[in-house]
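Dumped my_file_14.pdb below, it's PDB, C-alpha atoms, pLDDT in the B column:
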ATOM      1  CA  ILE A 789      79.835 115.492 107.550  1.00 40.00           C
ATOM      2  CA  LYS A 790      80.759 114.082 110.961  1.00 48.00           C
ATOM      3  CA  GLY A 791      82.371 117.405 111.794  1.00 47.00           C
ATOM      4  CA  ASP A 792      79.225 119.267 110.767  1.00 69.00           C
ATOM      5  CA  ILE A 793      77.101 117.043 113.020  1.00 70.00           C
ATOM      6  CA  SER A 794      79.484 117.529 115.941  1.00 72.00           C
ATOM      7  CA  ASN A 795      79.377 121.294 115.450  1.00 78.00           C
ATOM      8  CA  THR A 796      75.594 121.238 115.281  1.00 81.00           C
ATOM      9  CA  LEU A 797      75.350 119.250 118.502  1.00 81.00           C
ATOM     10  CA  LEU A 798      77.787 121.649 120.148  1.00 81.00           C
ATOM     11  CA  TYR A 799      75.633 124.589 119.038  1.00 81.00           C
ATOM     12  CA  TYR A 800      72.452 122.961 120.406  1.00 82.00           C
ATOM     13  CA  ASN A 801      74.167 122.181 123.723  1.00 82.00           C
ATOM     14  CA  LYS A 802      75.283 125.799 124.067  1.00 85.00           C
ATOM     15  CA  ALA A 803      71.752 126.926 123.257  1.00 83.00           C
ATOM     16  CA  LEU A 804      70.377 124.563 125.912  1.00 83.00           C
ATOM     17  CA  LEU A 805      72.628 126.062 128.572  1.00 86.00           C
ATOM     18  CA  LEU A 806      71.584 129.581 127.589  1.00 86.00           C
ATOM     19  CA  TYR A 807      67.875 128.755 127.519  1.00 88.00           C
ATOM     20  CA  LYS A 808      68.118 127.059 130.917  1.00 86.00           C
ATOM     21  CA  GLU A 809      69.850 130.128 132.334  1.00 86.00           C
ATOM     22  CA  ILE A 810      67.116 132.493 131.141  1.00 91.00           C
ATOM     23  CA  ASN A 811      64.311 129.920 131.595  1.00 88.00           C
ATOM     24  CA  PHE A 812      63.202 130.179 127.956  1.00 90.00           C
ATOM     25  CA  LYS A 813      61.101 127.019 127.746  1.00 92.00           C
ATOM     26  CA  GLU A 814      60.172 127.318 124.073  1.00 92.00           C
ATOM     27  CA  GLY A 815      63.849 127.474 123.170  1.00 92.00           C
ATOM     28  CA  LEU A 816      64.659 124.591 125.500  1.00 92.00           C
ATOM     29  CA  ALA A 817      62.012 122.369 123.948  1.00 93.00           C
ATOM     30  CA  ALA A 818      63.160 123.211 120.410  1.00 91.00           C
ATOM     31  CA  SER A 819      66.793 122.473 121.297  1.00 92.00           C
ATOM     32  CA  TYR A 820      65.925 119.099 122.830  1.00 93.00           C
ATOM     33  CA  ILE A 821      63.878 118.139 119.758  1.00 93.00           C
ATOM     34  CA  ASN A 822      66.543 119.313 117.284  1.00 91.00           C
ATOM     35  CA  THR A 823      69.230 117.464 119.242  1.00 92.00           C
ATOM     36  CA  ALA A 824      67.099 114.295 119.214  1.00 94.00           C
ATOM     37  CA  ALA A 825      66.735 114.551 115.423  1.00 92.00           C
ATOM     38  CA  ILE A 826      70.531 114.693 115.054  1.00 91.00           C
ATOM     39  CA  TYR A 827      70.922 111.603 117.222  1.00 92.00           C
ATOM     40  CA  ILE A 828      68.308 109.799 115.093  1.00 92.00           C
ATOM     41  CA  GLU A 829      70.437 110.552 112.008  1.00 88.00           C
ATOM     42  CA  GLN A 830      73.430 109.054 113.813  1.00 89.00           C
ATOM     43  CA  GLY A 831      71.467 105.947 114.822  1.00 90.00           C
ATOM     44  CA  ASP A 832      71.834 106.827 118.513  1.00 92.00           C
ATOM     45  CA  GLU A 833      68.336 105.936 119.715  1.00 93.00           C
ATOM     46  CA  LYS A 834      69.238 106.171 123.412  1.00 94.00           C
ATOM     47  CA  ASN A 835      70.197 109.836 123.282  1.00 94.00           C
ATOM     48  CA  ALA A 836      67.385 110.556 120.818  1.00 95.00           C
ATOM     49  CA  LEU A 837      64.842 109.039 123.211  1.00 96.00           C
ATOM     50  CA  LYS A 838      66.250 110.998 126.146  1.00 95.00           C
ATOM     51  CA  ASN A 839      66.085 114.312 124.282  1.00 95.00           C
ATOM     52  CA  TYR A 840      62.614 113.717 122.837  1.00 97.00           C
ATOM     53  CA  SER A 841      61.416 112.797 126.333  1.00 97.00           C
ATOM     54  CA  ASP A 842      62.895 116.001 127.793  1.00 96.00           C
ATOM     55  CA  GLY A 843      61.294 117.973 124.974  1.00 96.00           C
ATOM     56  CA  LEU A 844      57.922 116.305 125.619  1.00 97.00           C
ATOM     57  CA  ILE A 845      58.022 117.277 129.301  1.00 96.00           C
ATOM     58  CA  ILE A 846      58.484 120.933 128.406  1.00 96.00           C
ATOM     59  CA  MET A 847      55.871 120.836 125.643  1.00 96.00           C
ATOM     60  CA  LYS A 848      53.404 119.579 128.254  1.00 97.00           C
ATOM     61  CA  GLN A 849      54.396 122.417 130.589  1.00 96.00           C
ATOM     62  CA  LEU A 850      53.753 124.851 127.730  1.00 96.00           C
ATOM     63  CA  ASN A 851      50.482 123.082 126.847  1.00 96.00           C
ATOM     64  CA  ASN A 852      51.630 123.012 123.216  1.00 96.00           C
ATOM     65  CA  PRO A 853      49.427 120.462 121.381  1.00 96.00           C
ATOM     66  CA  ILE A 854      51.554 120.332 118.221  1.00 95.00           C
ATOM     67  CA  GLY A 855      54.728 119.843 120.257  1.00 96.00           C
ATOM     68  CA  ILE A 856      53.148 117.171 122.473  1.00 97.00           C
ATOM     69  CA  ALA A 857      51.754 115.290 119.476  1.00 97.00           C
ATOM     70  CA  SER A 858      55.002 115.433 117.496  1.00 96.00           C
ATOM     71  CA  CYS A 859      57.263 114.453 120.404  1.00 97.00           C
ATOM     72  CA  SER A 860      54.976 111.595 121.386  1.00 97.00           C
ATOM     73  CA  ARG A 861      54.962 110.258 117.829  1.00 97.00           C
ATOM     74  CA  ASN A 862      58.749 110.512 117.544  1.00 96.00           C
ATOM     75  CA  ILE A 863      59.158 108.635 120.833  1.00 97.00           C
ATOM     76  CA  ALA A 864      56.690 105.994 119.624  1.00 96.00           C
ATOM     77  CA  ASN A 865      58.663 105.497 116.413  1.00 94.00           C
ATOM     78  CA  ILE A 866      61.802 104.816 118.440  1.00 95.00           C
ATOM     79  CA  TYR A 867      59.949 102.204 120.503  1.00 94.00           C
ATOM     80  CA  LEU A 868      58.536 100.763 117.274  1.00 90.00           C
ATOM     81  CA  LYS A 869      62.111  99.824 116.338  1.00 89.00           C
ATOM     82  CA  GLY A 870      62.811  98.510 119.849  1.00 87.00           C
ATOM     83  CA  ASP A 871      63.479  99.964 123.300  1.00 87.00           C
ATOM     84  CA  PRO A 872      67.177 100.980 123.211  1.00 87.00           C
ATOM     85  CA  PHE A 873      67.410 100.622 126.993  1.00 88.00           C
ATOM     86  CA  CYS A 874      65.828  97.165 127.284  1.00 87.00           C
ATOM     87  CA  THR A 875      68.184  94.423 128.492  1.00 88.00           C
ATOM     88  CA  LYS A 876      65.674  91.575 128.685  1.00 88.00           C
ATOM     89  CA  GLN A 877      65.217  88.790 126.140  1.00 88.00           C
ATOM     90  CA  LYS A 878      64.205  89.996 122.684  1.00 87.00           C
ATOM     91  CA  LEU A 879      60.624  88.700 122.806  1.00 86.00           C
ATOM     92  CA  GLN A 880      59.974  90.430 126.122  1.00 90.00           C
ATOM     93  CA  CYS A 881      61.707  93.611 124.938  1.00 90.00           C
ATOM     94  CA  ASP A 882      59.583  93.653 121.788  1.00 88.00           C
ATOM     95  CA  LYS A 883      56.377  93.111 123.760  1.00 89.00           C
ATOM     96  CA  GLU A 884      57.141  95.963 126.164  1.00 92.00           C
ATOM     97  CA  SER A 885      58.456  98.223 123.406  1.00 92.00           C
ATOM     98  CA  PHE A 886      55.349  97.818 121.237  1.00 93.00           C
ATOM     99  CA  ALA A 887      53.147  98.520 124.268  1.00 94.00           C
ATOM    100  CA  LYS A 888      55.061 101.759 124.892  1.00 95.00           C
ATOM    101  CA  ALA A 889      54.827 102.679 121.214  1.00 95.00           C
ATOM    102  CA  LEU A 890      51.048 102.234 121.281  1.00 96.00           C
ATOM    103  CA  GLU A 891      50.830 104.321 124.457  1.00 96.00           C
ATOM    104  CA  PHE A 892      52.722 107.255 122.938  1.00 97.00           C
ATOM    105  CA  LEU A 893      50.880 106.975 119.610  1.00 97.00           C
ATOM    106  CA  GLY A 894      47.608 107.119 121.534  1.00 96.00           C
ATOM    107  CA  GLU A 895      48.748 110.340 123.200  1.00 97.00           C
ATOM    108  CA  SER A 896      49.920 111.712 119.868  1.00 97.00           C
ATOM    109  CA  LEU A 897      46.560 110.896 118.291  1.00 97.00           C
ATOM    110  CA  ILE A 898      44.652 112.789 120.983  1.00 97.00           C
ATOM    111  CA  PHE A 899      46.558 116.010 120.365  1.00 97.00           C
ATOM    112  CA  PHE A 900      46.647 115.775 116.566  1.00 97.00           C
ATOM    113  CA  LYS A 901      42.859 115.365 116.713  1.00 96.00           C
ATOM    114  CA  LYS A 902      42.604 118.456 118.931  1.00 95.00           C
ATOM    115  CA  ILE A 903      44.181 120.567 116.191  1.00 95.00           C
ATOM    116  CA  ASN A 904      42.463 118.576 113.386  1.00 94.00           C
ATOM    117  CA  ASP A 905      45.778 117.724 111.698  1.00 94.00           C
ATOM    118  CA  LYS A 906      44.434 115.094 109.297  1.00 93.00           C
ATOM    119  CA  LYS A 907      47.749 114.298 107.612  1.00 93.00           C
ATOM    120  CA  ASN A 908      49.438 113.500 110.906  1.00 94.00           C
ATOM    121  CA  ILE A 909      46.378 111.637 112.194  1.00 96.00           C
ATOM    122  CA  ALA A 910      46.617 109.453 109.086  1.00 96.00           C
ATOM    123  CA  GLY A 911      50.329 109.017 109.765  1.00 95.00           C
ATOM    124  CA  VAL A 912      49.645 107.885 113.328  1.00 97.00           C
ATOM    125  CA  TYR A 913      47.044 105.401 112.057  1.00 97.00           C
ATOM    126  CA  ASN A 914      49.712 104.009 109.725  1.00 96.00           C
ATOM    127  CA  ASP A 915      52.143 103.725 112.645  1.00 96.00           C
ATOM    128  CA  ILE A 916      49.577 101.915 114.788  1.00 97.00           C
ATOM    129  CA  GLY A 917      48.869  99.551 111.904  1.00 97.00           C
ATOM    130  CA  SER A 918      52.579  98.789 111.656  1.00 94.00           C
ATOM    131  CA  ILE A 919      52.706  97.801 115.326  1.00 94.00           C
ATOM    132  CA  TYR A 920      49.806  95.412 114.873  1.00 95.00           C
ATOM    133  CA  MET A 921      51.534  93.947 111.807  1.00 94.00           C
ATOM    134  CA  LYS A 922      54.633  93.290 113.897  1.00 91.00           C
ATOM    135  CA  GLN A 923      52.392  91.623 116.483  1.00 91.00           C
ATOM    136  CA  LYS A 924      50.850  89.465 113.695  1.00 92.00           C
ATOM    137  CA  ASN A 925      47.446  90.987 114.384  1.00 95.00           C
ATOM    138  CA  ILE A 926      46.582  91.270 110.683  1.00 96.00           C
ATOM    139  CA  ASN A 927      42.925  92.264 111.052  1.00 96.00           C
ATOM    140  CA  LYS A 928      43.705  95.062 113.497  1.00 97.00           C
ATOM    141  CA  ALA A 929      46.514  96.284 111.244  1.00 97.00           C
ATOM    142  CA  GLU A 930      44.129  96.334 108.276  1.00 97.00           C
ATOM    143  CA  GLU A 931      41.603  98.345 110.301  1.00 97.00           C
ATOM    144  CA  TYR A 932      44.120 101.101 111.023  1.00 98.00           C
ATOM    145  CA  TYR A 933      45.626 101.112 107.526  1.00 98.00           C
ATOM    146  CA  ASN A 934      42.115 101.574 106.134  1.00 97.00           C
ATOM    147  CA  LEU A 935      41.561 104.488 108.520  1.00 97.00           C
ATOM    148  CA  ALA A 936      44.844 105.971 107.302  1.00 97.00           C
ATOM    149  CA  LEU A 937      43.863 105.559 103.640  1.00 97.00           C
ATOM    150  CA  LYS A 938      40.405 107.057 104.160  1.00 96.00           C
ATOM    151  CA  LEU A 939      41.727 110.094 106.007  1.00 95.00           C
ATOM    152  CA  SER A 940      44.658 110.679 103.656  1.00 95.00           C
ATOM    153  CA  SER A 941      42.210 110.528 100.725  1.00 94.00           C
ATOM    154  CA  GLU A 942      40.039 113.165 102.406  1.00 93.00           C
ATOM    155  CA  CYS A 943      42.971 115.560 102.699  1.00 91.00           C
ATOM    156  CA  SER A 944      44.392 114.558  99.268  1.00 90.00           C
ATOM    157  CA  SER A 945      47.784 113.561 100.669  1.00 91.00           C
ATOM    158  CA  LYS A 946      49.338 111.376  98.001  1.00 92.00           C
ATOM    159  CA  VAL A 947      52.287 110.531 100.262  1.00 93.00           C
ATOM    160  CA  MET A 948      50.002 109.197 102.986  1.00 93.00           C
ATOM    161  CA  MET A 949      47.781 107.403 100.440  1.00 95.00           C
ATOM    162  CA  LEU A 950      50.933 105.808  99.039  1.00 95.00           C
ATOM    163  CA  ASN A 951      52.058 104.606 102.479  1.00 94.00           C
ATOM    164  CA  ALA A 952      48.644 103.230 103.421  1.00 96.00           C
ATOM    165  CA  SER A 953      48.237 101.446 100.075  1.00 96.00           C
ATOM    166  CA  GLU A 954      51.675  99.825 100.375  1.00 96.00           C
ATOM    167  CA  HIS A 955      50.694  98.491 103.785  1.00 97.00           C
ATOM    168  CA  LEU A 956      47.258  97.332 102.665  1.00 97.00           C
ATOM    169  CA  SER A 957      48.810  95.463  99.745  1.00 97.00           C
ATOM    170  CA  LEU A 958      50.997  93.601 102.225  1.00 96.00           C
ATOM    171  CA  VAL A 959      47.993  92.843 104.457  1.00 97.00           C
ATOM    172  CA  ALA A 960      45.981  91.506 101.513  1.00 97.00           C
ATOM    173  CA  SER A 961      48.909  89.296 100.447  1.00 96.00           C
ATOM    174  CA  GLU A 962      49.175  87.910 103.982  1.00 95.00           C
ATOM    175  CA  LYS A 963      45.473  87.009 103.750  1.00 95.00           C
ATOM    176  CA  PHE A 964      46.004  85.423 100.292  1.00 96.00           C
ATOM    177  CA  GLN A 965      43.765  88.061  98.698  1.00 97.00           C
ATOM    178  CA  PHE A 966      46.060  88.563  95.737  1.00 96.00           C
ATOM    179  CA  ASP A 967      43.625  90.454  93.482  1.00 96.00           C
ATOM    180  CA  LYS A 968      43.013  92.922  96.279  1.00 97.00           C
ATOM    181  CA  ALA A 969      46.744  93.184  96.940  1.00 97.00           C
ATOM    182  CA  LEU A 970      47.297  93.835  93.236  1.00 97.00           C
ATOM    183  CA  ASN A 971      44.833  96.724  93.300  1.00 97.00           C
ATOM    184  CA  TYR A 972      46.520  98.381  96.279  1.00 97.00           C
ATOM    185  CA  ALA A 973      50.002  97.858  94.810  1.00 97.00           C
ATOM    186  CA  THR A 974      48.866  99.336  91.482  1.00 97.00           C
ATOM    187  CA  ASN A 975      47.590 102.434  93.266  1.00 96.00           C
ATOM    188  CA  SER A 976      50.887 102.630  95.155  1.00 96.00           C
ATOM    189  CA  LEU A 977      52.774 102.638  91.873  1.00 96.00           C
ATOM    190  CA  ILE A 978      50.537 105.356  90.421  1.00 96.00           C
ATOM    191  CA  TRP A 979      51.033 107.646  93.417  1.00 95.00           C
ATOM    192  CA  ALA A 980      54.750 106.910  93.654  1.00 96.00           C
ATOM    193  CA  LYS A 981      55.146 107.922  89.990  1.00 96.00           C
ATOM    194  CA  GLU A 982      53.083 111.081  90.473  1.00 95.00           C
ATOM    195  CA  ILE A 983      55.168 112.101  93.481  1.00 95.00           C
ATOM    196  CA  GLY A 984      58.422 110.961  91.896  1.00 94.00           C
ATOM    197  CA  TYR A 985      59.540 108.675  94.740  1.00 94.00           C
ATOM    198  CA  LEU A 986      62.001 106.302  93.087  1.00 95.00           C
ATOM    199  CA  GLU A 987      62.353 104.005  96.096  1.00 95.00           C
ATOM    200  CA  ASN A 988      58.588 103.565  96.273  1.00 96.00           C
ATOM    201  CA  ILE A 989      58.347 102.965  92.525  1.00 96.00           C
ATOM    202  CA  LYS A 990      60.997 100.292  92.987  1.00 96.00           C
ATOM    203  CA  LEU A 991      59.095  98.725  95.903  1.00 96.00           C
ATOM    204  CA  ALA A 992      55.728  98.835  94.117  1.00 96.00           C
ATOM    205  CA  SER A 993      57.111  97.351  90.888  1.00 97.00           C
ATOM    206  CA  PHE A 994      58.778  94.516  92.807  1.00 96.00           C
ATOM    207  CA  THR A 995      55.553  93.835  94.720  1.00 96.00           C
ATOM    208  CA  LEU A 996      53.533  93.900  91.488  1.00 97.00           C
ATOM    209  CA  LYS A 997      55.993  91.540  89.821  1.00 97.00           C
ATOM    210  CA  LYS A 998      55.492  88.950  92.576  1.00 96.00           C
ATOM    211  CA  LEU A 999      51.707  89.371  92.557  1.00 97.00           C
ATOM    212  CA  HIS A1000      51.436  89.052  88.782  1.00 97.00           C
ATOM    213  CA  ILE A1001      53.487  85.843  88.941  1.00 96.00           C
ATOM    214  CA  LYS A1002      51.131  84.440  91.606  1.00 95.00           C
ATOM    215  CA  LEU A1003      48.147  85.337  89.411  1.00 96.00           C
ATOM    216  CA  GLY A1004      49.737  83.928  86.241  1.00 95.00           C
ATOM    217  CA  ASN A1005      50.076  87.313  84.544  1.00 96.00           C
ATOM    218  CA  TYR A1006      53.570  86.682  83.207  1.00 96.00           C
ATOM    219  CA  LYS A1007      53.616  89.461  80.602  1.00 96.00           C
ATOM    220  CA  GLU A1008      52.718  92.036  83.263  1.00 96.00           C
ATOM    221  CA  ALA A1009      55.243  90.465  85.651  1.00 96.00           C
ATOM    222  CA  LEU A1010      57.990  90.914  83.051  1.00 97.00           C
ATOM    223  CA  ALA A1011      57.054  94.571  82.570  1.00 97.00           C
ATOM    224  CA  MET A1012      57.184  95.166  86.328  1.00 97.00           C
ATOM    225  CA  ASN A1013      60.535  93.402  86.531  1.00 96.00           C
ATOM    226  CA  ASP A1014      61.884  95.739  83.832  1.00 96.00           C
ATOM    227  CA  LEU A1015      60.624  98.747  85.790  1.00 96.00           C
ATOM    228  CA  TRP A1016      62.128  97.406  89.001  1.00 96.00           C
ATOM    229  CA  LEU A1017      65.525  96.968  87.305  1.00 96.00           C
ATOM    230  CA  LEU A1018      65.311 100.483  85.884  1.00 96.00           C
ATOM    231  CA  MET A1019      64.566 101.975  89.316  1.00 95.00           C
ATOM    232  CA  ARG A1020      67.300  99.899  90.959  1.00 94.00           C
ATOM    233  CA  ASP A1021      69.889 101.142  88.491  1.00 93.00           C
ATOM    234  CA  SER A1022      68.635 104.744  88.641  1.00 92.00           C
ATOM    235  CA  ILE A1023      68.868 104.824  92.435  1.00 91.00           C
ATOM    236  CA  ALA A1024      72.325 103.219  92.411  1.00 88.00           C
ATOM    237  CA  SER A1025      73.757 105.656  89.849  1.00 76.00           C
TER     238      SER A1025
END
Exercise: express the given structure as structure tokens:
Amino acid sequence: IKGDISNTLLYYNKALLLYKEINFKEGLAASYINTAAIYIEQGDEKNALKNYSDGLIIMKQLNNPIGIASCSRNIANIYLKGDPFCTKQKLQCDKESFAKALEFLGESLIFFKKINDKKNIAGVYNDIGSIYMKQKNINKAEEYYNLALKLSSECSSKVMMLNASEHLSLVASEKFQFDKALNYATNSLIWAKEIGYLENIKLASFTLKKLHIKLGNYKEALAMNDLWLLMRDSIAS
């Protein structure tokens, strides 16, 4: 697998040289973005950030709204995990990194709205909510997760509805609204089963187990624990 990745990177680097030589900007942008995706798989956020940034510059030159929106969101998601180039103390790095993430998500949102890409708009709302959760701004996080759920419902995206409901269940739990959290977690489980996402079924069943225990629903908690164990073993096998 490592050899395959090395060969792929070598191919993209050769393509970059060729596209630079003939000034084929579309090819250049695609190569930068594909190279960044490989580095993400390797956990090399520094090189991923550099290549996404180079790709974004060219997408702006081409006035490509899809490319600008996608690159900006990918860059934001790197900053969401932490600025790989920051050498300051962690708290300061996190503060600056989240600010950069919000900046790039804002840019991404503008261009996804221009092309009316509702699924990706909902995804960006989810991302913004996650930043506010990390900043302990629960109400602001809830606002954006609700926007994500509303929009994903409008475009019937079960994946995005699943993601938003998982987040809203967490928000409700943080606010000690356990009945509300239970409702969101139940919906998450339904959508995860319909889609067939084992990891999300596992997460939802574990969340439901904890919520049922808090609410004194021990029979339901036991059933969710059994489902969680089943998913754990299925994923491991």
Need the neighbours of (56.2, 94.0, 85.5): which residues are at most 10 Å away, counting only C-alpha atoms, as an mmCIF file with C-alpha atoms, in the coordinates of the input?
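For reference, out16.cif as written:
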data_model
loop_
_atom_site.group_PDB
_atom_site.id
_atom_site.type_symbol
_atom_site.label_atom_id
_atom_site.label_comp_id
_atom_site.auth_asym_id
_atom_site.auth_seq_id
_atom_site.Cartn_x
_atom_site.Cartn_y
_atom_site.Cartn_z
ATOM 1 C CA ALA A 992 55.728 98.835 94.117
ATOM 2 C CA SER A 993 57.111 97.351 90.888
ATOM 3 C CA PHE A 994 58.778 94.516 92.807
ATOM 4 C CA THR A 995 55.553 93.835 94.720
ATOM 5 C CA LEU A 996 53.533 93.900 91.488
ATOM 6 C CA LYS A 997 55.993 91.540 89.821
ATOM 7 C CA LYS A 998 55.492 88.950 92.576
ATOM 8 C CA LEU A 999 51.707 89.371 92.557
ATOM 9 C CA HIS A 1000 51.436 89.052 88.782
ATOM 10 C CA ILE A 1001 53.487 85.843 88.941
ATOM 11 C CA ASN A 1005 50.076 87.313 84.544
ATOM 12 C CA TYR A 1006 53.570 86.682 83.207
ATOM 13 C CA LYS A 1007 53.616 89.461 80.602
ATOM 14 C CA GLU A 1008 52.718 92.036 83.263
ATOM 15 C CA ALA A 1009 55.243 90.465 85.651
ATOM 16 C CA LEU A 1010 57.990 90.914 83.051
ATOM 17 C CA ALA A 1011 57.054 94.571 82.570
ATOM 18 C CA MET A 1012 57.184 95.166 86.328
ATOM 19 C CA ASN A 1013 60.535 93.402 86.531
ATOM 20 C CA ASP A 1014 61.884 95.739 83.832
ATOM 21 C CA LEU A 1015 60.624 98.747 85.790
ATOM 22 C CA TRP A 1016 62.128 97.406 89.001
ATOM 23 C CA LEU A 1017 65.525 96.968 87.305
#
Excluding Val912 of chain A and its own-chain neighbours fewer than 6 positions away, which residues fall within 9 Å of it when counting all atoms listed in the file? Please give them as an NGL selection string. :A and (861 or 893-894 or 896-897 or 936)
Name the residues that the PyMOL selection byres ((chain A and resi 824) around 6) picks from the file above, as number ranges by chain, using the file's chain letters and numbers. A: 821-823, 825-827, 836, 839-840
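Taking all atoms listed in the file, the non-local environment of segment 870-882 of chain A within 12 Å (same-chain residues fewer than 2 positions away omitted) comprises Gly831, Asp832, Glu833, Lys834, Asn835, Ala836, Leu837, Lys838, Ile863, Ala864, Asn865, Ile866, Tyr867, Leu868, Glu884, Ser885, Phe886, Ala887, Lys888, Ala889, Ile919, Lys922 and Gln923 of chain A.
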Give me the residues within 8 Å of Ala980 of chain A as a PyMOL selection string, counting only C-alpha atoms and dropping any in the same chain fewer than 6 places off. chain A and resi 947+950+986+988-989
